[in-house]
>>> print(open('work11.cif').read())   # mmCIF, C-alpha atoms and all ligand atoms
data_my_file
#
loop_
_atom_site.label_atom_id
_atom_site.label_comp_id
_atom_site.auth_asym_id
_atom_site.auth_seq_id
_atom_site.Cartn_x
_atom_site.Cartn_y
_atom_site.Cartn_z
CA MET A 25 0.00 0.00 0.00
CA GLN A 26 1.26 3.45 -0.85
CA GLY A 27 2.10 5.48 2.24
CA VAL A 28 1.43 9.19 2.49
CA ASN A 29 5.18 9.75 2.51
CA ASP A 30 5.49 8.31 -1.01
CA LEU A 31 3.31 10.97 -2.63
CA LYS A 32 4.80 12.96 -5.50
CA GLN A 33 4.55 16.76 -5.47
CA GLY A 34 1.59 16.78 -7.96
CA GLU A 35 -0.30 14.09 -6.06
CA ARG A 36 0.23 15.96 -2.83
CA GLN A 37 -1.34 19.08 -4.31
CA GLU A 38 -4.23 17.08 -5.74
CA LEU A 39 -4.84 15.52 -2.32
CA ALA A 40 -4.95 18.96 -0.80
CA GLY A 41 -7.20 20.35 -3.56
CA ARG A 42 -6.45 23.42 -5.70
CA GLN A 43 -4.04 25.48 -3.63
CA GLY A 44 -5.42 28.32 -1.61
CA GLU A 45 -8.93 27.97 -3.00
CA ARG A 46 -10.65 26.76 0.14
CA GLY A 47 -8.04 27.64 2.70
CA PRO A 48 -6.85 27.15 5.29
CA GLU A 49 -5.27 30.58 5.26
CA HIS A 50 -3.91 30.23 8.80
CA VAL A 51 -2.63 26.95 10.27
CA ALA A 52 -1.47 26.64 13.89
CA ILE A 53 0.52 23.64 15.10
CA ILE A 54 1.23 22.17 18.55
CA MET A 55 4.44 20.29 17.73
CA ASP A 56 4.24 17.45 20.25
CA GLY A 57 6.14 14.18 20.66
CA ASN A 58 9.80 15.21 20.35
CA GLY A 59 10.66 13.64 23.71
CA ARG A 60 8.93 10.33 22.93
CA TRP A 61 10.58 10.20 19.49
CA ALA A 62 14.01 10.49 21.15
CA GLU A 63 13.24 8.10 24.00
CA ALA A 64 12.06 5.44 21.52
CA ARG A 65 15.54 5.59 19.97
CA GLY A 66 17.43 5.66 23.25
CA LEU A 67 18.53 9.25 22.54
CA PRO A 68 18.55 12.29 24.84
CA ARG A 69 15.37 14.39 24.60
CA ILE A 70 17.23 17.29 23.00
CA MET A 71 17.91 15.09 19.96
CA GLY A 72 14.15 14.83 19.57
CA HIS A 73 13.89 18.62 19.58
CA ARG A 74 16.69 18.79 16.99
CA ALA A 75 14.79 16.37 14.74
CA GLY A 76 11.72 18.53 15.44
CA MET A 77 13.60 21.52 14.09
CA GLU A 78 14.03 19.66 10.78
CA ALA A 79 10.27 19.08 10.70
CA VAL A 80 9.82 22.86 11.19
CA ARG A 81 12.02 23.43 8.11
CA ARG A 82 9.89 20.99 6.08
CA VAL A 83 6.51 22.52 6.96
CA VAL A 84 7.70 26.11 6.46
CA ARG A 85 8.89 25.14 2.94
CA ALA A 86 5.65 23.31 2.13
CA ALA A 87 3.12 25.76 3.58
CA PRO A 88 2.97 28.33 0.70
CA SER A 89 2.43 25.61 -1.94
CA LEU A 90 -0.71 24.59 -0.01
CA GLY A 91 -2.02 28.16 -0.05
CA ILE A 92 -1.19 28.80 3.62
CA LYS A 93 -0.47 32.48 4.38
CA TYR A 94 0.03 32.26 8.18
CA LEU A 95 1.74 29.43 10.06
CA THR A 96 1.84 29.61 13.86
CA LEU A 97 4.09 27.15 15.72
CA PHE A 98 4.10 26.53 19.49
CA ALA A 99 7.82 26.39 20.26
CA PHE A 100 7.99 27.15 24.00
CA SER A 101 5.17 27.72 26.47
CA THR A 102 5.19 29.71 29.71
CA GLU A 103 4.85 26.28 31.40
CA ASN A 104 7.92 24.83 29.63
CA TRP A 105 10.21 26.65 32.12
CA ARG A 106 9.37 23.76 34.49
CA ARG A 107 11.44 21.36 32.38
CA PRO A 108 14.99 20.41 33.45
CA ARG A 109 17.40 23.34 33.05
CA LEU A 110 19.51 21.52 30.47
CA GLU A 111 16.49 20.87 28.25
CA VAL A 112 15.37 24.51 28.49
CA GLU A 113 18.87 25.73 27.60
CA GLY A 114 19.05 23.21 24.77
CA LEU A 115 15.71 24.39 23.36
CA PHE A 116 16.80 28.03 23.37
CA ALA A 117 20.11 27.09 21.75
CA LEU A 118 18.21 25.25 19.00
CA LEU A 119 15.91 28.21 18.43
CA ARG A 120 18.88 30.53 18.15
CA GLU A 121 20.53 28.11 15.74
CA TYR A 122 17.37 27.93 13.61
CA VAL A 123 16.93 31.69 13.47
CA GLU A 124 20.61 32.46 12.85
CA LYS A 125 20.99 29.82 10.12
CA GLU A 126 17.64 30.28 8.42
CA THR A 127 16.94 34.02 8.40
CA ASP A 128 18.56 34.66 4.98
CA ASP A 129 16.82 31.66 3.47
CA LEU A 130 13.46 32.58 5.00
CA LYS A 131 13.83 36.07 3.60
CA ALA A 132 14.71 34.69 0.15
CA HIS A 133 11.52 32.59 0.27
CA GLY A 134 9.35 35.58 1.27
CA VAL A 135 8.78 34.47 4.87
CA ARG A 136 8.07 37.13 7.47
CA VAL A 137 8.93 35.90 10.98
CA ARG A 138 7.10 37.13 14.08
CA PHE A 139 7.52 35.95 17.66
CA LEU A 140 4.44 35.74 19.90
CA GLY A 141 4.88 35.79 23.68
CA GLU A 142 6.39 37.66 26.59
CA ARG A 143 9.85 39.00 25.79
CA GLU A 144 10.80 40.34 29.23
CA ASN A 145 12.24 37.20 30.84
CA LEU A 146 13.80 35.63 27.75
CA PRO A 147 17.55 34.98 27.83
CA GLN A 148 19.20 38.20 26.60
CA THR A 149 20.86 36.63 23.56
CA ALA A 150 17.55 35.11 22.43
CA GLY A 151 15.87 38.52 22.65
CA LYS A 152 18.46 40.11 20.36
CA VAL A 153 18.35 37.31 17.78
CA ILE A 154 14.54 37.50 17.67
CA GLU A 155 14.45 41.24 17.13
CA ARG A 156 17.02 41.05 14.35
CA CYS A 157 15.11 38.27 12.57
CA GLU A 158 11.81 40.17 12.80
CA ALA A 159 13.41 43.35 11.47
CA GLU A 160 15.19 41.59 8.61
CA THR A 161 12.11 39.73 7.37
CA GLU A 162 9.64 42.56 7.95
CA GLY A 163 8.93 43.29 4.28
CA CYS A 164 8.24 39.65 3.31
CA THR A 165 4.69 38.81 2.24
CA ARG A 166 4.48 35.22 0.93
CA LEU A 167 4.09 33.57 4.35
CA THR A 168 3.95 34.89 7.93
CA LEU A 169 5.67 32.45 10.30
CA ASN A 170 4.64 33.08 13.91
CA ILE A 171 6.84 31.37 16.48
CA ALA A 172 5.13 31.25 19.88
CA LEU A 173 7.91 31.54 22.43
CA ASN A 174 7.38 32.03 26.16
CA TYR A 175 3.72 32.07 25.17
CA GLY A 176 0.64 31.22 27.27
CA GLY A 177 -2.95 31.80 26.17
CA ARG A 178 -4.31 32.87 29.56
CA ALA A 179 -1.39 35.22 30.16
CA GLU A 180 -2.02 36.78 26.73
CA ILE A 181 -5.70 37.39 27.60
CA VAL A 182 -4.81 38.86 31.01
CA ARG A 183 -2.23 41.11 29.35
CA ALA A 184 -4.83 42.39 26.86
CA ALA A 185 -7.40 43.00 29.64
CA ARG A 186 -4.80 44.94 31.62
CA ALA A 187 -3.85 47.07 28.61
CA LEU A 188 -7.50 47.93 27.98
CA ALA A 189 -8.04 48.71 31.68
CA PHE A 190 -5.11 51.15 31.56
CA ARG A 191 -6.50 52.77 28.41
CA ALA A 192 -9.94 53.11 30.02
CA ALA A 193 -8.49 54.48 33.25
CA GLY A 194 -6.49 57.01 31.20
CA GLY A 195 -9.70 58.23 29.53
CA GLU A 196 -8.63 57.03 26.08
CA LEU A 197 -11.46 54.51 25.83
CA GLU A 198 -14.98 54.03 27.27
CA PRO A 199 -15.57 50.57 28.83
CA ASN A 200 -18.61 50.24 26.53
CA ASP A 201 -16.33 50.65 23.51
CA ILE A 202 -14.56 47.38 24.32
CA THR A 203 -15.68 44.91 21.66
CA ALA A 204 -14.24 41.56 20.56
CA GLU A 205 -12.39 43.41 17.77
CA VAL A 206 -10.91 45.98 20.15
CA PHE A 207 -9.87 43.15 22.48
CA ALA A 208 -8.24 41.17 19.64
CA GLY A 209 -6.25 44.31 18.82
CA GLU A 210 -4.38 43.91 22.12
CA LEU A 211 -3.33 40.29 21.48
CA PHE A 212 0.05 39.20 20.08
CA THR A 213 -1.80 38.18 16.89
CA ARG A 214 -3.27 41.64 16.26
CA GLY A 215 -3.96 42.28 12.59
CA MET A 216 -3.90 38.58 11.67
CA PRO A 217 -6.84 36.29 10.92
CA ASP A 218 -7.67 33.60 13.50
CA PRO A 219 -6.34 30.10 12.71
CA ASP A 220 -8.62 28.08 10.42
CA LEU A 221 -6.95 24.81 11.34
CA LEU A 222 -5.09 23.61 14.46
CA ILE A 223 -2.92 20.51 14.15
CA ARG A 224 -1.61 18.67 17.22
CA THR A 225 0.76 15.77 16.73
CA SER A 226 1.59 12.72 18.89
CA GLY A 227 -1.96 11.66 19.80
CA GLU A 228 -2.54 14.16 22.64
CA MET A 229 -5.92 15.88 22.43
CA ARG A 230 -5.80 19.14 24.34
CA LEU A 231 -5.04 22.80 23.73
CA SER A 232 -2.38 23.22 26.44
CA ASN A 233 -3.03 26.95 26.86
CA PHE A 234 -2.34 27.70 23.17
CA LEU A 235 -4.17 30.61 21.43
CA LEU A 236 -7.23 30.27 23.69
CA TRP A 237 -8.96 33.36 22.30
CA GLN A 238 -8.01 32.82 18.65
CA LEU A 239 -9.06 29.13 18.44
CA ALA A 240 -12.75 29.83 19.21
CA TYR A 241 -13.99 28.57 15.79
CA THR A 242 -10.90 26.74 14.59
CA GLU A 243 -11.14 23.22 13.12
CA LEU A 244 -9.10 20.78 15.23
CA TYR A 245 -7.02 17.98 13.70
CA PHE A 246 -5.18 15.41 15.80
CA THR A 247 -2.68 12.89 14.46
CA ASP A 248 -0.67 10.13 16.14
CA VAL A 249 2.43 11.06 14.13
CA LEU A 250 5.22 12.32 16.40
CA TRP A 251 6.40 15.82 15.45
CA PRO A 252 9.91 14.80 14.24
CA ASP A 253 8.23 12.38 11.77
CA PHE A 254 5.82 15.02 10.43
CA THR A 255 6.34 15.64 6.70
CA GLN A 256 4.96 17.88 3.95
CA ASP A 257 2.61 15.03 3.06
CA HIS A 258 1.18 14.89 6.58
CA LEU A 259 0.57 18.64 6.30
CA ALA A 260 -1.18 18.14 2.94
CA GLN A 261 -3.30 15.38 4.52
CA ALA A 262 -4.40 17.70 7.35
CA VAL A 263 -5.25 20.42 4.81
CA ALA A 264 -7.28 17.93 2.77
CA ALA A 265 -9.20 16.86 5.90
CA TYR A 266 -9.88 20.53 6.70
CA ARG A 267 -11.27 21.13 3.20
CA LYS A 268 -13.81 18.35 3.66
CA ARG A 269 -15.25 19.98 6.77
CA GLU A 270 -18.18 22.34 6.81
CA ARG A 271 -17.57 25.43 8.92
CA ARG A 272 -20.68 27.06 10.32
CA PHE A 273 -19.32 29.59 12.88
CA GLY A 274 -22.38 29.00 15.08
CA GLY A 275 -24.79 29.30 12.12
CA VAL A 276 -26.75 26.56 10.34
CA HIS A 277 -25.99 24.18 7.44
CA ASN A 278 -25.46 25.91 4.13
CA ARG A 279 -27.47 23.68 1.80
CA GLY A 280 -26.94 25.87 -1.29
C1 LIG B 301 6.91 19.15 22.49
O1 LIG B 301 7.49 17.87 22.55
C2 LIG B 301 7.81 20.08 21.84
C3 LIG B 301 8.37 21.18 22.43
C4 LIG B 301 8.12 21.57 23.83
C5 LIG B 301 9.31 22.06 21.72
C6 LIG B 301 9.11 22.28 20.25
C7 LIG B 301 10.40 22.77 19.73
C8 LIG B 301 10.95 22.44 18.53
C9 LIG B 301 10.26 21.65 17.48
C10 LIG B 301 12.36 22.90 18.30
C11 LIG B 301 12.63 23.93 17.31
C12 LIG B 301 11.57 24.94 17.10
C13 LIG B 301 11.67 25.93 16.16
C14 LIG B 301 10.54 26.86 15.94
C15 LIG B 301 12.88 26.09 15.34
P1 LIG B 301 7.71 17.18 23.98
O2 LIG B 301 9.11 17.39 24.39
O3 LIG B 301 6.68 17.66 24.94
O4 LIG B 301 7.47 15.66 23.61
P2 LIG B 301 6.94 14.51 24.58
O5 LIG B 301 5.52 14.84 24.91
O6 LIG B 301 7.06 13.29 23.71
O7 LIG B 301 7.85 14.48 25.77
#
>>> encode(input="work11.cif", output="C-alpha cells")
Amino acid sequence: MQGVNDLKQGERQELAGRQGERGPEHVAIIMDGNGRWAEARGLPRIMGHRAGMEAVRRVVRAAPSLGIKYLTLFAFSTENWRRPRLEVEGLFALLREYVEKETDDLKAHGVRVRFLGERENLPQTAGKVIERCEAETEGCTRLTLNIALNYGGRAEIVRAARALAFRAAGGELEPNDITAEVFAGELFTRGMPDPDLLIRTSGEMRLSNFLLWQLAYTELYFTDVLWPDFTQDHLAQAVAAYRKRERRFGGVHNRG
C-alpha cells in the first residue's frame, strides 16, 4: 500500500485540492512528541527537539504551496520553564541556531517571521536574535511564520485585559467601547486572521493553553504522528481533511 510519505509533489497538491482555494489561510501547530521520538531511539530528549527543528524546516517550505499564508508554531510555552534546566537551555540554543541559520533563506523565500509571547524574561541573547530576525524579514509577504515563544494563552488574555483597563483608566477609551475586535487588537496576533486549522501531533488531544482566544472557531485535527516524523505530506493530509469539513461559525448548514 502506498504510504502518504510516497506521494509525489503533484499528487500531494491534488490531495490537498487546488491550492489556496478553500483555505486554510492560517494553520497553527502544537508540535508534540519530540521527547517520545528520542526516548524510543534511546537518545537524549534534546535530539528529539533537533529532529523537530528539521520538521519545522519541512513545513515552512511546504506551507505556501498549499495556499497557507500564516503558520503559527508553538515552540515554548510559559509552562515549559518547568522542564529540566539543560532541556530549556538546549531548546533556546536550538531556536537561536534555527533563526541564525535560516533568516537569509526565509527572507529569500518571502517568509516574514514574528515571535508571539512575553519578551521580558527571555535569555538576553535570544531577545536580540529574535528582534534582528523580525526586522530583517519585515517586508516579506508570501508567508507569515509566527513562532510562539514564552507564550501562554491565559497570560495573553490577562495582558490584553490589563492594557484595555489602563487605556480606560487614562480616559482614552470608554468601557462600553470594548468589543471583541478591540480586544483582539491587544493580542500578540493583532492584525492577523484567527487560525482556520489547528494541528496537534503525537496523539494528545488538548489545547495546552495555546491561542485560547483565537481558536474559538478553529477546526481541530489530531494525528498520532510524532512531530519529528511530520512531513509535507502529513501537512497536505491535514489540509485535505480541513477542506472536507463544513464550517458554520455558530450558524446553520449551508445547503446551497
Ligand atoms: C513538544 O514535545 C515540543 C516542544 C516543547 C518544543 C518544540 C520545539 C521544537 C520543534 C524545536 C525547534 C523549534 C523551532 C521553531 C525552530 P515534547 O518534548 O513535549 O514531547 P513529549 O511529549 O514526547 O515528551
>>> residues_near_ligand(input="work11.cif", ligand="ligand LIG 301 (chain B)", cutoff="9 Å", atoms="all atoms listed in the file", output="JSON, numbers by chain")
{"A": [54, 55, 56, 57, 58, 59, 60, 61, 62, 63, 69, 70, 72, 73, 74, 75, 76, 77, 78, 79, 80, 81, 97, 98, 99, 100, 101, 104, 115, 116, 118, 119, 120, 121, 122, 123, 170, 171, 172, 173, 226, 228, 250, 251, 252]}
>>> residues_near_point(input="work11.cif", point="(-1.7, 28.9, 2.6)", cutoff="8 Å", atoms="all atoms listed in the file", output="list in words")
Gln43, Gly44, Gly47, Pro48, Glu49, His50, Val51, Ala87, Pro88, Ser89, Leu90, Gly91, Ile92, Lys93, Tyr94 and Leu167 of chain A
>>> atom_distance(input="work11.cif", atom1="atom CA of Leu169 of chain A", atom2="atom CA of Lys125 of chain A")
15.5 Å
>>> closest_residue(input="work11.cif", among="A:Phe273, A:Phe246, A:Phe139, A:Phe190", to="Ile53 of chain A", atoms="all atoms listed in the file")
A:Phe246
>>> atom_distance(input="work11.cif", atom1="atom CA of Glu270 of chain A", atom2="atom CA of Arg224 of chain A")
19.9 Å
>>> axis_aligned_box(input="work11.cif", around="segment 217-232 of chain A", padding_each_side="3 Å", output="lines of an AutoDock Vina configuration file")
center_x = -3.5
center_y = 24.0
center_z = 18.4
size_x = 16.2
size_y = 30.6
size_z = 22.0
>>> closest_residue(input="work11.cif", among="A:Leu146, A:Val84, A:Ile154, A:Ala204", to="Asn174 of chain A", atoms="all atoms listed in the file")
A:Leu146
>>> atom_distance(input="work11.cif", atom1="atom CA of Arg143 of chain A", atom2="atom CA of Pro219 of chain A")
22.6 Å
>>> residues_around(input="work11.cif", residues="Leu188 of chain A", least_positions_apart="4", cutoff="9 Å", atoms="all atoms listed in the file", output="ChimeraX atom specification")
/A:183-184,192-193,197,199,202,206-207,210
>>> closest_residue(input="work11.cif", among="A:Leu140, A:Arg186, A:Glu160, A:Ala52", to="Leu239 of chain A", atoms="only C-alpha atoms")
A:Ala52
>>> residues_around(input="work11.cif", residues="Arg269 of chain A", least_positions_apart="5", cutoff="12 Å", atoms="all atoms listed in the file", output="list in words")
Arg46, Gly47, Pro48, Asp220, Leu221, Thr242, Glu243, Leu244, Tyr245, Ala262, Val263, Ala264 and His277 of chain A
>>> write_last_selection(input="work11.cif", atoms="C-alpha atoms", output="CSV table (one decimal), in the frame of the given file")
chain,number,residue,atom,x,y,z
A,46,ARG,CA,-10.6,26.8,0.1
A,47,GLY,CA,-8.0,27.6,2.7
A,48,PRO,CA,-6.8,27.2,5.3
A,220,ASP,CA,-8.6,28.1,10.4
A,221,LEU,CA,-7.0,24.8,11.3
A,242,THR,CA,-10.9,26.7,14.6
A,243,GLU,CA,-11.1,23.2,13.1
A,244,LEU,CA,-9.1,20.8,15.2
A,245,TYR,CA,-7.0,18.0,13.7
A,262,ALA,CA,-4.4,17.7,7.4
A,263,VAL,CA,-5.2,20.4,4.8
A,264,ALA,CA,-7.3,17.9,2.8
A,277,HIS,CA,-26.0,24.2,7.4
>>> residues_near_point(input="work11.cif", point="(7.9, 38.9, 6.0)", cutoff="9 Å", atoms="all atoms listed in the file", output="list in words")
Leu130, Lys131, Gly134, Val135, Arg136, Val137, Arg138, Glu158, Ala159, Glu160, Thr161, Glu162, Gly163, Cys164, Thr165, Arg166, Leu167, Thr168 and Leu169 of chain A
>>> closest_residue(input="work11.cif", among="A:Thr149, A:Gln256, A:Thr247, A:Thr203", to="Ala117 of chain A", atoms="all atoms listed in the file")
A:Thr149
>>> decode(input="work11.cif", residues="segment 203-217 of chain A", atoms="N, CA and C atoms", output="mmCIF file, in the first residue's frame")
data_model
loop_
_atom_site.group_PDB
_atom_site.id
_atom_site.type_symbol
_atom_site.label_atom_id
_atom_site.label_comp_id
_atom_site.auth_asym_id
_atom_site.auth_seq_id
_atom_site.Cartn_x
_atom_site.Cartn_y
_atom_site.Cartn_z
ATOM 1 N N THR A 203 -15.012 45.966 22.427
ATOM 2 C CA THR A 203 -15.678 44.908 21.657
ATOM 3 C C THR A 203 -14.681 43.770 21.449
ATOM 4 N N ALA A 204 -15.148 42.678 20.864
ATOM 5 C CA ALA A 204 -14.241 41.564 20.561
ATOM 6 C C ALA A 204 -13.111 42.043 19.651
ATOM 7 N N GLU A 205 -13.424 42.925 18.698
ATOM 8 C CA GLU A 205 -12.390 43.414 17.765
ATOM 9 C C GLU A 205 -11.348 44.257 18.499
ATOM 10 N N VAL A 206 -11.841 45.142 19.381
ATOM 11 C CA VAL A 206 -10.912 45.983 20.153
ATOM 12 C C VAL A 206 -10.021 45.091 21.016
ATOM 13 N N PHE A 207 -10.624 44.068 21.626
ATOM 14 C CA PHE A 207 -9.869 43.145 22.479
ATOM 15 C C PHE A 207 -8.789 42.434 21.665
ATOM 16 N N ALA A 208 -9.196 41.918 20.488
ATOM 17 C CA ALA A 208 -8.244 41.173 19.640
ATOM 18 C C ALA A 208 -7.064 42.065 19.229
ATOM 19 N N GLY A 209 -7.308 43.371 19.182
ATOM 20 C CA GLY A 209 -6.253 44.315 18.818
ATOM 21 C C GLY A 209 -5.160 44.431 19.863
ATOM 22 N N GLU A 210 -5.402 43.879 21.061
ATOM 23 C CA GLU A 210 -4.383 43.913 22.123
ATOM 24 C C GLU A 210 -3.648 42.581 22.255
ATOM 25 N N LEU A 211 -3.980 41.608 21.391
ATOM 26 C CA LEU A 211 -3.329 40.294 21.483
ATOM 27 C C LEU A 211 -2.054 40.275 20.632
ATOM 28 N N PHE A 212 -1.191 39.288 20.869
ATOM 29 C CA PHE A 212 0.049 39.195 20.080
ATOM 30 C C PHE A 212 -0.253 39.025 18.595
ATOM 31 N N THR A 213 -1.432 38.475 18.278
ATOM 32 C CA THR A 213 -1.799 38.176 16.885
ATOM 33 C C THR A 213 -2.537 39.335 16.212
ATOM 34 N N ARG A 214 -2.486 40.527 16.814
ATOM 35 C CA ARG A 214 -3.266 41.645 16.255
ATOM 36 C C ARG A 214 -2.998 41.806 14.750
ATOM 37 N N GLY A 215 -4.091 42.064 14.038
ATOM 38 C CA GLY A 215 -3.958 42.279 12.594
ATOM 39 C C GLY A 215 -3.928 41.001 11.769
ATOM 40 N N MET A 216 -3.937 39.849 12.419
ATOM 41 C CA MET A 216 -3.895 38.579 11.666
ATOM 42 C C MET A 216 -5.238 37.870 11.793
ATOM 43 N N PRO A 217 -5.607 37.059 10.779
ATOM 44 C CA PRO A 217 -6.842 36.287 10.920
ATOM 45 C C PRO A 217 -6.652 35.177 11.964
#
